[in-house]
Amino acid sequence: MRNAAIRLLLALSLGGLLGSSVLAQNLVFPIGQDARFNWSDLERFEAMDLSAETIQVFGPWTAGDRDLVLSIFAYFEAATGAKIDYAGSDSFEQQIVIDTQAGSPAHVAIFPQPGLAADLASRGSLVPLGDEIREWTLENYAAGQSWVDLGTYADADGNPDFFGFFYKVDLKSLVWYSPDNFADAGYEIPQTMEELIALSEQIVADGDTPWCIGLGSGDATGWPATDWVEDILLRTQPPEVYDGWVDNSIPFNDPRVVNAIEVFGSFAKNDAWVDGGAASVGATDFRDSPAGVFTVPPRCYMHRQASFIPTFFPEGTELGVDADFFYFPAFESEDLGRPVLGAGTLWALTRESAAARVLIDFLTTPLAHELWMAQSGFLTPHLGVNLDAYANDTLRGQGEILQNATTFRFDGSDLMPGAIGAGAFWTGMVNFVSGDSAQSVADAIQRAWDALR
């Protein structure tokens with residue numbers, strides 16, 4: 001650690017070396033002093049002298065996540081002497097297209113969705129990462145093939161290549177509940193979808209309501225239902241069916257997709273199963289929908305939503321005490337393993353740079369993950385990390401779900417064309433919970449797909 005320590009001391013004292021104003025502000029954990037982290041990962045980077053290099057990184061983060069990613073970059077800067085120039089934009093999706101078309105992109109781009117990365121790869125605007133990092137991902141990420149597939153796109157000649165490395169993942173396959181309410185009622189955490197359905201029936205038999213569900217989200221009303229359908233499709237069909245549905249090589253009105261919508265309806269369109277009855281589902285704002293879990297007596301016992309939903313829990317709710325979660329389970333009868341639905345940020349080279357490749361290499365180390373895990377808002381499928389580095393038990397539990405996944409799939413609606421995933425699909429789900437049949441809704445969405453051709 002001697003070289004890193006020297007660089008750090010120089011940076012702190014001189015305030016100018018190695019891009020040190022950023023370094024001094026963002027080196028959150030003193031190097032070598034926290035036993036949770038794999039500090040030895042820095043050693044091979046300390047042997048590199050990149051002090052003449054500036055790596056440009058462009059991404060979507062402008063606030064809290066910007067500060068957090070800078071805190072990770074600081075350790076890379078300390079080890080190598082490189083300077084990382086990060087720029088964030090709320091208009092990332094538009095600006096990255098402009099920059100690549102102009103021939104002046106950053107070295108590295110951070111994509112919040114794979115679809116745009118795939119489009120740029122097909123235009124020749126991304127640089128392949130190479131077989132070494134592809135094989136590393138396959139071997140070191142849980143459900144590694146899923147992550148390789150998500151980062152593999154056709155190039156300008158139509159040939160598949162590995163362009164995208166995922167770093168920072170979000171988890172959607174979660175059910176939130178109150179441990180006190182479950183304990184008082186004598187309910188246990190279901191381990192299979194069959195058990196979850198049986199629990200829902202038991203709660204109704206006990207005179208209570210199992211679920212709170214809300215699809216309201218302003219102009220985006222309907223999107224929470226798309227997550228339900230995606231999760232259910234992954235639990236009733238092999239992942240290749242999900243993939244075909246996402247790119248419409250399997251029609252939206254295929255019977256297997258219609259069945260997934262109908263299974264969602266067995267939860268959301270059942271008056272006895274939903275707080276406020278089925279009529280409330282489309283009218284309740286998703287941010288307000290978990291509140292019933294915490295009322296006394298509870299208006300509902302469970303709420304299926306992604307890892308971000310605690311932001312909207314009642315003020316003072318303590319995670320792990322007042323609220324907890326469990327994995328949205330798979331059907332035991334389908335024998336499809338432990339599929340997980342989520343999202344994440346994909347890192348790609350938009351301009352060739354040896355130093356930028358070293359940065360991507362750094363992001364494969366356990367340390368680069370652990371340093372963010374110990375702060376906030378970061379989950380990873382990296383099998384080599386120390387799970388004790390997570391900042392709290394909630395994040396650790398979610399990290400364990402990712403590590404135990406046999407299949408990971410990205411949010412399907414985010415991968416579909418905007419007119420479908422953020423249009424016809426949203427509208428169709430609202431129509432469905434309002435009374436339309438699964439078949440008529442699926443037919444209407446498929447007609448919208450056909451209209452794009």
# chains A, B, ... in the order shown; residues from 1 in each chain; ligands from 1

call {"tool": "select_by_dssp", "arguments": {"residues": "range 149-393 of chain A", "states": "alpha helix (DSSP H)", "output": "number ranges by chain"}}
result
A: 149-150, 179-185, 193-205, 223-236, 239-247, 255-268, 354-363, 366-373, 393

call {"tool": "write_last_selection", "arguments": {"atoms": "C-alpha atoms", "output": "mmCIF file, in the first residue's frame"}}
result
data_model
loop_
_atom_site.group_PDB
_atom_site.id
_atom_site.type_symbol
_atom_site.label_atom_id
_atom_site.label_comp_id
_atom_site.auth_asym_id
_atom_site.auth_seq_id
_atom_site.Cartn_x
_atom_site.Cartn_y
_atom_site.Cartn_z
ATOM 1 C CA ASP A 149 -26.261 -12.023 -22.641
ATOM 2 C CA LEU A 150 -27.433 -8.614 -21.395
ATOM 3 C CA PRO A 179 -42.498 -8.747 10.725
ATOM 4 C CA ASP A 180 -44.693 -7.810 13.702
ATOM 5 C CA ASN A 181 -47.888 -8.353 11.709
ATOM 6 C CA PHE A 182 -46.677 -11.725 10.440
ATOM 7 C CA ALA A 183 -45.635 -12.772 13.947
ATOM 8 C CA ASP A 184 -48.918 -11.665 15.516
ATOM 9 C CA ALA A 185 -50.905 -13.636 12.935
ATOM 10 C CA MET A 193 -45.232 -19.408 -5.220
ATOM 11 C CA GLU A 194 -47.615 -22.174 -4.225
ATOM 12 C CA GLU A 195 -46.990 -21.281 -0.572
ATOM 13 C CA LEU A 196 -47.444 -17.567 -1.333
ATOM 14 C CA ILE A 197 -50.820 -18.234 -2.917
ATOM 15 C CA ALA A 198 -51.800 -20.469 0.009
ATOM 16 C CA LEU A 199 -50.760 -17.733 2.451
ATOM 17 C CA SER A 200 -52.893 -15.202 0.571
ATOM 18 C CA GLU A 201 -55.862 -17.566 0.821
ATOM 19 C CA GLN A 202 -55.200 -18.100 4.533
ATOM 20 C CA ILE A 203 -55.132 -14.356 5.212
ATOM 21 C CA VAL A 204 -58.518 -14.004 3.504
ATOM 22 C CA ALA A 205 -59.873 -16.947 5.506
ATOM 23 C CA TRP A 223 -45.846 0.573 -14.864
ATOM 24 C CA PRO A 224 -45.964 -1.336 -11.519
ATOM 25 C CA ALA A 225 -48.166 -3.946 -13.202
ATOM 26 C CA THR A 226 -45.570 -4.507 -15.921
ATOM 27 C CA ASP A 227 -43.121 -5.611 -13.218
ATOM 28 C CA TRP A 228 -45.668 -8.094 -11.896
ATOM 29 C CA VAL A 229 -46.210 -9.587 -15.344
ATOM 30 C CA GLU A 230 -42.465 -9.769 -16.024
ATOM 31 C CA ASP A 231 -41.777 -11.514 -12.722
ATOM 32 C CA ILE A 232 -44.613 -13.965 -13.297
ATOM 33 C CA LEU A 233 -43.514 -14.759 -16.862
ATOM 34 C CA LEU A 234 -40.038 -15.593 -15.527
ATOM 35 C CA ARG A 235 -41.700 -17.975 -13.054
ATOM 36 C CA THR A 236 -43.966 -19.724 -15.531
ATOM 37 C CA PRO A 239 -35.969 -17.318 -19.833
ATOM 38 C CA GLU A 240 -35.767 -17.678 -23.610
ATOM 39 C CA VAL A 241 -39.556 -17.172 -23.751
ATOM 40 C CA TYR A 242 -39.111 -13.947 -21.781
ATOM 41 C CA ASP A 243 -36.401 -12.844 -24.211
ATOM 42 C CA GLY A 244 -38.576 -13.592 -27.221
ATOM 43 C CA TRP A 245 -41.464 -11.687 -25.677
ATOM 44 C CA VAL A 246 -39.246 -8.668 -25.023
ATOM 45 C CA ASP A 247 -38.092 -8.428 -28.657
ATOM 46 C CA PRO A 255 -50.875 -17.850 -24.799
ATOM 47 C CA ARG A 256 -47.860 -18.041 -22.456
ATOM 48 C CA VAL A 257 -47.844 -14.260 -22.075
ATOM 49 C CA VAL A 258 -51.626 -14.085 -21.730
ATOM 50 C CA ASN A 259 -51.338 -16.643 -18.921
ATOM 51 C CA ALA A 260 -48.813 -14.447 -17.072
ATOM 52 C CA ILE A 261 -51.219 -11.506 -17.272
ATOM 53 C CA GLU A 262 -54.022 -13.707 -15.974
ATOM 54 C CA VAL A 263 -51.898 -14.878 -13.044
ATOM 55 C CA PHE A 264 -51.284 -11.231 -12.169
ATOM 56 C CA GLY A 265 -55.050 -10.760 -12.377
ATOM 57 C CA SER A 266 -55.570 -13.536 -9.838
ATOM 58 C CA PHE A 267 -53.869 -11.186 -7.365
ATOM 59 C CA ALA A 268 -54.911 -7.734 -8.560
ATOM 60 C CA ALA A 354 -5.980 1.714 -22.647
ATOM 61 C CA ALA A 355 -6.472 3.622 -19.388
ATOM 62 C CA ALA A 356 -10.247 3.300 -19.660
ATOM 63 C CA ARG A 357 -9.843 -0.456 -20.048
ATOM 64 C CA VAL A 358 -7.845 -0.454 -16.814
ATOM 65 C CA LEU A 359 -10.740 1.367 -15.139
ATOM 66 C CA ILE A 360 -13.199 -1.286 -16.331
ATOM 67 C CA ASP A 361 -10.774 -3.912 -15.042
ATOM 68 C CA PHE A 362 -10.766 -2.147 -11.659
ATOM 69 C CA LEU A 363 -14.566 -2.372 -11.584
ATOM 70 C CA PRO A 366 -14.347 -7.113 -5.171
ATOM 71 C CA LEU A 367 -12.974 -3.894 -3.654
ATOM 72 C CA ALA A 368 -14.664 -1.660 -6.235
ATOM 73 C CA HIS A 369 -17.978 -3.247 -5.287
ATOM 74 C CA GLU A 370 -17.414 -3.404 -1.528
ATOM 75 C CA LEU A 371 -16.552 0.288 -1.249
ATOM 76 C CA TRP A 372 -19.959 1.220 -2.679
ATOM 77 C CA MET A 373 -21.789 -1.626 -0.900
ATOM 78 C CA ASP A 393 -28.891 -6.113 6.798
#

call {"tool": "residues_around", "arguments": {"residues": "Ile401 in chain A", "least_positions_apart": "3", "cutoff": "10 Å", "atoms": "only C-alpha atoms", "output": "ChimeraX atom specification"}}
result
/A:142,171,173-174,326-327,338-340,379-381,395-398,404-406

call {"tool": "write_last_selection", "arguments": {"atoms": "C-alpha atoms", "output": "PDB file, in the first residue's frame"}}
result
ATOM      1  CA  ALA A 142     -24.149 -15.167 -10.187  1.00  0.00           C
ATOM      2  CA  LEU A 171     -33.579  -5.698  -7.550  1.00  0.00           C
ATOM      3  CA  SER A 173     -38.347  -9.468  -7.189  1.00  0.00           C
ATOM      4  CA  LEU A 174     -39.242  -8.518  -3.617  1.00  0.00           C
ATOM      5  CA  PHE A 326     -38.607 -11.746   1.116  1.00  0.00           C
ATOM      6  CA  TYR A 327     -37.873 -13.058  -2.350  1.00  0.00           C
ATOM      7  CA  ARG A 338     -34.627 -18.795  -8.761  1.00  0.00           C
ATOM      8  CA  PRO A 339     -35.231 -16.164 -11.438  1.00  0.00           C
ATOM      9  CA  VAL A 340     -34.675 -12.530 -10.500  1.00  0.00           C
ATOM     10  CA  LEU A 379     -26.252  -4.191  -5.071  1.00  0.00           C
ATOM     11  CA  THR A 380     -24.036  -6.610  -6.945  1.00  0.00           C
ATOM     12  CA  PRO A 381     -24.100 -10.201  -8.287  1.00  0.00           C
ATOM     13  CA  LEU A 395     -28.902  -4.446   1.546  1.00  0.00           C
ATOM     14  CA  ARG A 396     -27.105  -7.626   2.515  1.00  0.00           C
ATOM     15  CA  GLY A 397     -30.311  -9.647   2.237  1.00  0.00           C
ATOM     16  CA  GLN A 398     -30.994  -8.216  -1.205  1.00  0.00           C
ATOM     17  CA  ASN A 404     -28.543 -16.950  -5.304  1.00  0.00           C
ATOM     18  CA  ALA A 405     -30.225 -16.112  -8.619  1.00  0.00           C
ATOM     19  CA  THR A 406     -30.092 -18.760 -11.318  1.00  0.00           C
TER      20      THR A 406
END

call {"tool": "closest_residue", "arguments": {"among": "A:Ser437, A:Gln305, A:Thr350, A:Gln446", "to": "Ile420 in chain A", "atoms": "only C-alpha atoms"}}
result
A:Gln446

call {"tool": "select_by_dssp", "arguments": {"residues": "range 160-355 of chain A", "states": "strand (DSSP E)", "output": "ChimeraX atom specification"}}
result
/A:160-162,165-171,174-177,303-304,324-327,339-349

call {"tool": "write_last_selection", "arguments": {"atoms": "C-alpha atoms", "output": "compact mmCIF listing (two decimals), in the first residue's frame"}}
result
# COMPACT_ATOMS: atom_id res chain seq x y z
CA PRO A 160 -22.50 -10.44 -31.81
CA ASP A 161 -19.85 -9.13 -29.44
CA PHE A 162 -19.56 -8.33 -25.73
CA PHE A 165 -20.27 -4.72 -18.19
CA PHE A 166 -22.86 -4.34 -15.44
CA TYR A 167 -21.80 -2.52 -12.29
CA LYS A 168 -24.50 -1.42 -9.79
CA VAL A 169 -27.70 -3.46 -9.95
CA ASP A 170 -31.29 -2.93 -8.77
CA LEU A 171 -33.58 -5.70 -7.55
CA LEU A 174 -39.24 -8.52 -3.62
CA VAL A 175 -42.28 -8.71 -1.34
CA TRP A 176 -42.37 -6.26 1.59
CA TYR A 177 -44.13 -7.02 4.87
CA HIS A 303 -46.64 -5.41 -1.02
CA ARG A 304 -44.63 -6.49 -4.07
CA ASP A 324 -38.70 -6.41 5.94
CA PHE A 325 -38.82 -8.30 2.66
CA PHE A 326 -38.61 -11.75 1.12
CA TYR A 327 -37.87 -13.06 -2.35
CA PRO A 339 -35.23 -16.16 -11.44
CA VAL A 340 -34.68 -12.53 -10.50
CA LEU A 341 -36.04 -9.43 -12.20
CA GLY A 342 -34.16 -6.18 -11.92
CA ALA A 343 -32.31 -3.40 -13.63
CA GLY A 344 -28.84 -1.91 -13.48
CA THR A 345 -26.22 0.27 -15.09
CA LEU A 346 -24.12 -0.98 -17.96
CA TRP A 347 -20.61 0.38 -18.54
CA ALA A 348 -19.27 0.48 -22.08
CA LEU A 349 -16.32 1.89 -23.99

call {"tool": "closest_residue", "arguments": {"among": "A:Trp147, A:Phe37, A:Phe58, A:Tyr153", "to": "Ala106 in chain A", "atoms": "only C-alpha atoms"}}
result
A:Phe58

call {"tool": "closest_residue", "arguments": {"among": "A:Asn253, A:Thr311, A:Gln145, A:Ser353", "to": "Ser440 in chain A", "atoms": "only C-alpha atoms"}}
result
A:Asn253

call {"tool": "closest_residue", "arguments": {"among": "A:Gln191, A:Asn248, A:Gln375, A:Ser91", "to": "Ile445 in chain A", "atoms": "only C-alpha atoms"}}
result
A:Asn248
